[in-house]
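See below for upload.cif, which holds mmCIF, C-alpha atoms.
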```cif
data_coords
loop_
_atom_site.label_atom_id
_atom_site.label_comp_id
_atom_site.auth_asym_id
_atom_site.auth_seq_id
_atom_site.Cartn_x
_atom_site.Cartn_y
_atom_site.Cartn_z
CA MET A 123 -17.62 32.94 -27.02
CA GLU A 124 -16.81 36.23 -25.35
CA ALA A 125 -17.92 36.39 -21.72
CA SER A 126 -17.61 39.02 -19.00
CA LEU A 127 -17.85 39.06 -15.22
CA HIS A 128 -17.67 42.23 -13.13
CA ILE A 129 -18.12 42.22 -9.33
CA GLN A 130 -17.98 45.19 -6.97
CA THR A 131 -18.35 45.07 -3.20
CA ALA A 132 -19.30 47.76 -0.69
CA ARG A 133 -19.31 48.06 3.09
CA ARG A 134 -22.53 48.54 5.02
CA ALA A 135 -23.06 48.37 8.80
CA GLY A 136 -19.64 46.78 9.27
CA LYS A 137 -20.25 44.02 6.73
CA THR A 138 -19.25 43.39 3.13
CA ILE A 139 -22.12 43.40 0.65
CA LEU A 140 -22.39 42.76 -3.07
CA GLN A 141 -22.92 46.21 -4.54
CA ASN A 142 -22.89 45.31 -8.24
CA ALA A 143 -22.67 42.08 -10.22
CA TYR A 144 -22.66 42.03 -13.99
CA TYR A 145 -22.10 38.85 -15.94
CA THR A 146 -22.86 37.34 -19.31
CA THR A 147 -23.38 33.72 -20.36
CA PRO A 148 -22.03 31.30 -19.17
CA PHE A 149 -21.20 33.04 -15.86
CA LYS A 150 -23.39 33.20 -12.78
CA VAL A 151 -22.69 34.45 -9.26
CA ALA A 152 -24.30 33.14 -6.07
CA ASN A 153 -24.03 34.48 -2.53
CA VAL A 154 -23.04 31.47 -0.39
CA THR A 155 -22.32 33.36 2.84
CA GLU A 156 -23.49 31.04 5.63
CA ASP A 157 -23.01 33.27 8.66
CA LYS A 158 -24.58 36.62 7.80
CA SER A 159 -23.19 38.10 11.03
CA LYS A 160 -19.63 37.78 9.75
CA GLN A 161 -17.90 40.64 8.01
CA ALA A 162 -16.74 38.58 5.01
CA LEU A 163 -18.82 38.06 1.88
CA ARG A 164 -18.57 34.66 0.21
CA LEU A 165 -19.49 34.37 -3.45
CA MET A 166 -19.48 31.34 -5.71
CA LEU A 167 -18.53 31.73 -9.34
CA MET A 168 -20.62 29.34 -11.40
CA THR A 169 -20.81 28.60 -15.11
CA SER A 170 -23.33 26.84 -17.32
CA SER A 171 -20.53 25.74 -19.65
CA PRO A 172 -18.78 22.38 -19.10
CA GLY A 173 -15.48 24.21 -19.36
CA ILE A 174 -13.46 26.60 -21.51
CA LEU A 175 -13.97 25.88 -25.20
CA ASP A 176 -11.96 26.68 -28.31
CA GLY A 177 -12.19 30.39 -29.09
CA ASP A 178 -13.49 31.43 -25.67
CA VAL A 179 -12.38 34.82 -24.40
CA TYR A 180 -13.15 35.56 -20.74
CA ASP A 181 -12.87 39.00 -19.14
CA MET A 182 -13.19 39.09 -15.33
CA LYS A 183 -12.94 42.10 -13.02
CA ILE A 184 -13.26 42.17 -9.23
CA GLY A 185 -13.37 45.32 -7.14
CA VAL A 186 -13.13 45.05 -3.34
CA ALA A 187 -13.98 48.31 -1.58
CA ALA A 188 -12.05 49.68 1.40
CA ASN A 189 -12.14 47.46 4.52
CA CYS A 190 -14.23 44.82 2.74
CA LYS A 191 -13.55 41.09 2.86
CA LEU A 192 -14.39 38.95 -0.17
CA GLU A 193 -13.93 35.20 -0.60
CA LEU A 194 -14.54 33.98 -4.15
CA GLN A 195 -15.12 30.26 -4.66
CA THR A 196 -15.52 28.13 -7.77
CA GLN A 197 -18.08 25.43 -8.42
CA SER A 198 -15.94 22.62 -9.85
CA PHE A 199 -12.75 21.72 -11.71
CA GLN A 200 -11.99 24.01 -14.66
CA ARG A 201 -11.74 21.95 -17.83
CA LEU A 202 -9.88 23.21 -20.88
CA PHE A 203 -11.33 21.34 -23.84
CA THR A 204 -9.67 20.28 -27.10
CA MET A 205 -8.76 23.34 -29.15
CA LYS A 206 -7.39 24.51 -32.47
CA ALA A 207 -7.28 28.29 -32.15
CA GLY A 208 -6.93 28.44 -28.36
CA ALA A 209 -8.69 30.35 -25.58
CA SER A 210 -7.78 33.17 -23.21
CA GLN A 211 -8.78 34.77 -19.94
CA THR A 212 -7.98 38.08 -18.27
CA PHE A 213 -8.62 38.56 -14.56
CA GLU A 214 -8.20 41.95 -12.89
CA VAL A 215 -8.57 42.41 -9.13
CA ARG A 216 -8.44 45.79 -7.38
CA LEU A 217 -8.35 46.05 -3.60
CA GLU A 218 -8.88 49.40 -1.93
CA GLU A 219 -7.25 50.29 1.38
CA GLY A 220 -7.69 47.66 4.10
CA ALA A 221 -9.49 45.22 1.80
CA SER A 222 -9.11 41.43 1.87
CA PHE A 223 -9.48 38.95 -0.99
CA LEU A 224 -9.26 35.15 -0.98
CA TYR A 225 -9.40 33.11 -4.20
CA LEU A 226 -8.53 29.41 -4.36
CA PRO A 227 -10.15 28.04 -7.52
CA HIS A 228 -10.58 24.32 -8.16
CA PRO A 229 -7.80 22.62 -10.16
CA THR A 230 -7.49 23.22 -13.88
CA VAL A 231 -7.67 20.15 -16.16
CA PRO A 232 -6.23 20.73 -19.65
CA HIS A 233 -7.55 18.24 -22.21
CA GLU A 234 -5.58 16.99 -25.20
CA THR A 235 -4.45 19.79 -27.59
CA SER A 236 -5.92 22.51 -25.37
CA ASP A 237 -4.16 25.88 -25.70
CA PHE A 238 -4.87 28.39 -22.95
CA VAL A 239 -3.40 31.73 -21.88
CA ALA A 240 -4.43 33.49 -18.65
CA LYS A 241 -3.31 36.94 -17.50
CA ASN A 242 -3.99 38.00 -13.92
CA LYS A 243 -3.36 41.49 -12.57
CA ILE A 244 -3.91 42.17 -8.87
CA TYR A 245 -3.70 45.72 -7.52
CA LEU A 246 -3.29 46.15 -3.76
CA SER A 247 -3.59 49.33 -1.73
CA ALA A 248 -2.17 49.90 1.75
CA GLY A 249 -3.28 47.50 4.48
CA CYS A 250 -4.64 44.86 2.10
CA SER A 251 -4.60 41.10 2.57
CA LEU A 252 -4.40 38.66 -0.34
CA ILE A 253 -4.61 34.88 -0.59
CA TRP A 254 -4.39 33.73 -4.22
CA GLY A 255 -3.89 30.17 -5.42
CA GLU A 256 -3.70 27.94 -8.46
CA VAL A 257 -3.65 24.17 -9.04
CA LEU A 258 -2.72 22.70 -12.41
CA THR A 259 -3.18 19.03 -13.27
CA CYS A 260 -1.52 17.03 -16.02
CA GLY A 261 -4.84 16.44 -17.79
CA ARG A 262 -7.15 13.45 -17.83
CA LYS A 263 -4.89 10.63 -16.65
CA LEU A 264 -7.46 7.87 -17.04
CA ASN A 265 -8.07 8.93 -20.65
CA GLY A 266 -4.40 8.68 -21.49
CA GLU A 267 -4.10 12.46 -21.83
CA GLU A 268 -1.27 13.03 -19.39
CA PHE A 269 0.52 16.18 -20.57
CA LYS A 270 -1.10 15.99 -24.00
CA PHE A 271 -2.16 19.62 -24.00
CA THR A 272 -0.52 22.07 -26.40
CA ARG A 273 0.12 24.99 -24.08
CA TYR A 274 -0.78 26.30 -20.66
CA HIS A 275 0.44 29.80 -19.90
CA ASN A 276 -0.56 31.64 -16.72
CA ILE A 277 0.89 35.03 -15.86
CA THR A 278 0.11 36.61 -12.48
CA GLU A 279 1.27 40.11 -11.62
CA VAL A 280 0.75 41.68 -8.21
CA PHE A 281 1.04 45.44 -7.76
CA LEU A 282 1.37 47.18 -4.41
CA SER A 283 0.52 50.89 -4.59
CA ASN A 284 0.80 50.53 -8.40
CA LYS A 285 4.33 49.10 -8.18
CA LEU A 286 4.94 45.62 -9.57
CA VAL A 287 6.19 43.48 -6.66
CA ILE A 288 5.49 39.91 -7.80
CA LYS A 289 5.36 38.28 -11.22
CA GLU A 290 4.55 34.60 -11.64
CA ASN A 291 5.05 33.19 -15.14
CA LEU A 292 3.99 29.56 -15.54
CA LEU A 293 4.44 28.20 -19.06
CA LEU A 294 4.11 24.52 -19.96
CA ARG A 295 4.49 23.27 -23.53
CA PRO A 296 4.99 19.51 -23.13
CA SER A 297 5.85 18.91 -26.80
CA PHE A 298 8.79 21.36 -26.51
CA VAL A 299 10.04 20.74 -22.95
CA ASP A 300 10.07 17.39 -21.14
CA VAL A 301 8.03 18.05 -17.99
CA SER A 302 9.60 15.07 -16.23
CA ALA A 303 13.15 16.37 -16.70
CA ILE A 304 15.39 17.69 -13.93
CA GLY A 305 14.38 21.23 -13.09
CA GLN A 306 10.84 20.60 -14.30
CA LEU A 307 8.24 18.45 -12.50
CA GLU A 308 10.66 15.50 -12.15
CA GLY A 309 7.97 12.82 -12.18
CA TYR A 310 5.20 14.69 -10.40
CA THR A 311 1.98 15.26 -12.32
CA HIS A 312 0.28 18.11 -10.44
CA GLN A 313 1.50 21.47 -9.18
CA ALA A 314 0.10 24.30 -7.12
CA SER A 315 1.09 27.69 -5.80
CA LEU A 316 -0.32 30.02 -3.17
CA ILE A 317 0.54 33.69 -2.63
CA TYR A 318 -0.13 35.39 0.69
CA ILE A 319 0.45 39.09 1.26
CA ASN A 320 -0.35 40.96 4.46
CA GLU A 321 1.76 43.84 5.71
CA THR A 322 1.24 42.88 9.38
CA ALA A 323 2.00 39.16 8.97
CA ALA A 324 4.82 37.59 10.99
CA VAL A 325 6.52 36.11 7.94
CA SER A 326 9.32 34.15 9.65
CA THR A 327 6.83 32.46 11.99
CA ILE A 328 4.47 31.64 9.13
CA VAL A 329 7.28 30.12 7.04
CA SER A 330 8.33 27.94 9.98
CA GLU A 331 4.82 26.80 10.89
CA LEU A 332 3.78 26.09 7.30
CA THR A 333 6.96 24.08 6.80
CA ASP A 334 6.07 21.97 9.84
CA LEU A 335 2.49 21.55 8.61
CA LEU A 336 3.42 20.52 5.06
CA SER A 337 6.05 18.08 6.35
CA THR A 338 3.21 15.89 7.66
CA TYR A 339 1.85 15.17 4.16
CA LYS A 340 2.96 12.21 2.08
CA GLU A 341 3.65 12.06 -1.67
CA ILE A 342 4.22 15.78 -2.08
CA GLU A 343 7.17 18.12 -2.39
CA PHE A 344 6.89 21.69 -1.23
CA GLY A 345 8.68 24.95 -0.71
CA VAL A 346 7.76 27.92 1.46
CA SER A 347 9.54 31.20 0.83
CA ALA A 348 9.30 34.80 1.98
CA LEU A 349 8.30 37.30 -0.71
CA PRO A 350 10.05 40.59 -1.53
CA VAL A 351 7.09 42.24 0.21
CA ASN A 352 5.57 41.14 3.51
CA GLY A 353 4.16 37.74 2.65
CA VAL A 354 4.96 34.19 1.59
CA ILE A 355 4.65 31.95 -1.43
CA VAL A 356 3.99 28.23 -1.18
CA ARG A 357 4.73 25.82 -4.03
CA LEU A 358 3.48 22.25 -4.12
CA LEU A 359 4.11 19.20 -6.28
CA GLY A 360 2.00 16.07 -6.07
CA TYR A 361 -0.07 13.46 -7.87
CA LYS A 362 -3.65 14.47 -7.04
CA GLY A 363 -5.43 17.72 -7.71
CA GLU A 364 -7.90 17.19 -4.87
CA GLN A 365 -5.08 16.75 -2.37
CA LEU A 366 -3.25 19.92 -3.41
CA HIS A 367 -6.47 21.93 -3.41
CA SER A 368 -7.32 20.61 0.06
CA ILE A 369 -3.86 21.57 1.33
CA GLN A 370 -4.31 25.06 -0.07
CA LYS A 371 -7.59 25.45 1.78
CA GLN A 372 -5.97 24.31 5.03
CA ILE A 373 -3.17 26.84 4.54
CA ALA A 374 -5.74 29.57 3.87
CA ALA A 375 -7.68 28.61 6.99
CA TYR A 376 -4.48 28.85 9.06
CA LEU A 377 -3.55 32.24 7.57
CA THR A 378 -7.05 33.60 8.07
CA THR A 379 -7.15 32.41 11.67
CA ILE A 380 -3.85 33.98 12.70
CA ASN A 381 -4.84 37.22 11.00
CA ASP A 382 -8.21 37.31 12.80
CA LEU A 383 -6.50 36.59 16.12
CA LYS A 384 -4.07 39.44 15.58
CA ILE A 385 -6.92 41.82 14.76
CA GLN A 386 -8.76 40.70 17.91
CA LYS A 387 -5.67 41.21 20.09
CA ASP A 388 -5.01 44.63 18.56
CA THR A 389 -8.62 45.62 19.14
CA GLU A 390 -8.56 44.45 22.75
CA ALA A 391 -5.27 46.23 23.35
CA GLY A 392 -6.78 49.43 22.00
CA VAL A 393 -9.82 49.04 24.25
CA TYR A 394 -7.71 48.45 27.34
CA ALA A 395 -5.41 51.36 26.49
CA SER A 396 -8.35 53.72 26.20
#
```
How does this structure look as structure tokens?
Amino acid sequence: MEASLHIQTARRAGKTILQNAYYTTPFKVANVTEDKSKQALRLMLMTSSPGILDGDVYDMKIGVAANCKLELQTQSFQRLFTMKAGASQTFEVRLEEGASFLYLPHPTVPHETSDFVAKNKIYLSAGCSLIWGEVLTCGRKLNGEEFKFTRYHNITEVFLSNKLVIKENLLLRPSFVDVSAIGQLEGYTHQASLIYINETAAVSTIVSELTDLLSTYKEIEFGVSALPVNGVIVRLLGYKGEQLHSIQKQIAAYLTTINDLKIQKDTEAGVYAS
């Protein structure tokens, strides 16, 4: 099945609104913004399909207008079903100047012999803020399908002013490379990553505080590193998809809070100065 999803936001009266939404089966989009007085728009990406099936080709495009804030949520775990030919997905995100985008989808669960390739391209303009995450599980443990999938390949490219600044290339082919080997997952069954970019972020402080936060969790390994641009990347290893997804959401909440506080302080400073 070929399916498309196109979303475009706009700014009206200081708030982010959904200007256009085009989607084909099995996609649906729901506005789940609870506090209508807030600037951010929260949308939930839903699907009538139980997961991605053999032969599926998904094309997704998100446009966030200048000074808009969009948070895109997912409905449930993304299942990759048994395949012969494979499936693919392209996801393009374009942020205009001063825009903000947050996307932390539920964990992906690759079933036995699933073969999936995803290509993500994210284009940032000046003054943008990005929080982008991914959680990959080993498959259905209780069904004896731990690392029984054929291939999982996820490529994420981030462009700043049309210049490639980050490229993530996650490729797992368990039948070719032992995922438990040294330099691979080394016994862990789930992995996650989170990219944060914001040109006004205090990167050294964020790295230190996230390190302290993640040190309080048990049964995970983690790394927090500064990016080549102003931002950080967080990598997680663990045994439960729900736990890693929950940690990602806590990190996002922390990053959003410190960013909002900085904006408030800058605004107040400007008021006092005038």
request  = Using the chain letters and residue numbers of this document, give as a ChimeraX atom specification the residues selected by the PyMOL selection byres ((chain A and resi 254-267) around 10).
outcome  = /A:199-202,223-236,244,252-253,268-271,274,276,278,296,301,310-319,355-364,366-367,370-371,374
inquiry  = Suppose a student applies the PyMOL selection byres ((chain A and resi 322) around 10) to this structure; what residues should they get, written as a count of residues only?
reply    = 14
query = What is the atom CA of A:Ala135 to atom CA of A:Ile373 distance in Å?
reply = 29.6 Å
request  = Spell out the residues picked by the PyMOL selection byres ((chain A and resi 164-172) around 8) here, as a PyMOL selection string.
outcome  = chain A and resi 147-155+162-163+173-174+192-197+201
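Taking only C-alpha atoms, the non-local environment of A:Lys137 within 10 Å (same-chain residues fewer than 6 positions away omitted) comprises Lys158, Ser159, Lys160, Gln161, Ala162, Leu163, Asn189, Cys190 and Lys191 of chain A.
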Return the padded bounding box of stretch 313-329 of chain A as JSON: axis-aligned, built from all atoms listed in the file, 5 Å added on each side, with centre and edge lengths in Å to one decimal.
```
{"center_x": 4.5, "center_y": 32.7, "center_z": 1.4, "size_x": 19.7, "size_y": 32.4, "size_z": 31.2}
```
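Note that atom CA of A:Asp237 and atom CA of A:Gly208 are 4.6 Å apart.
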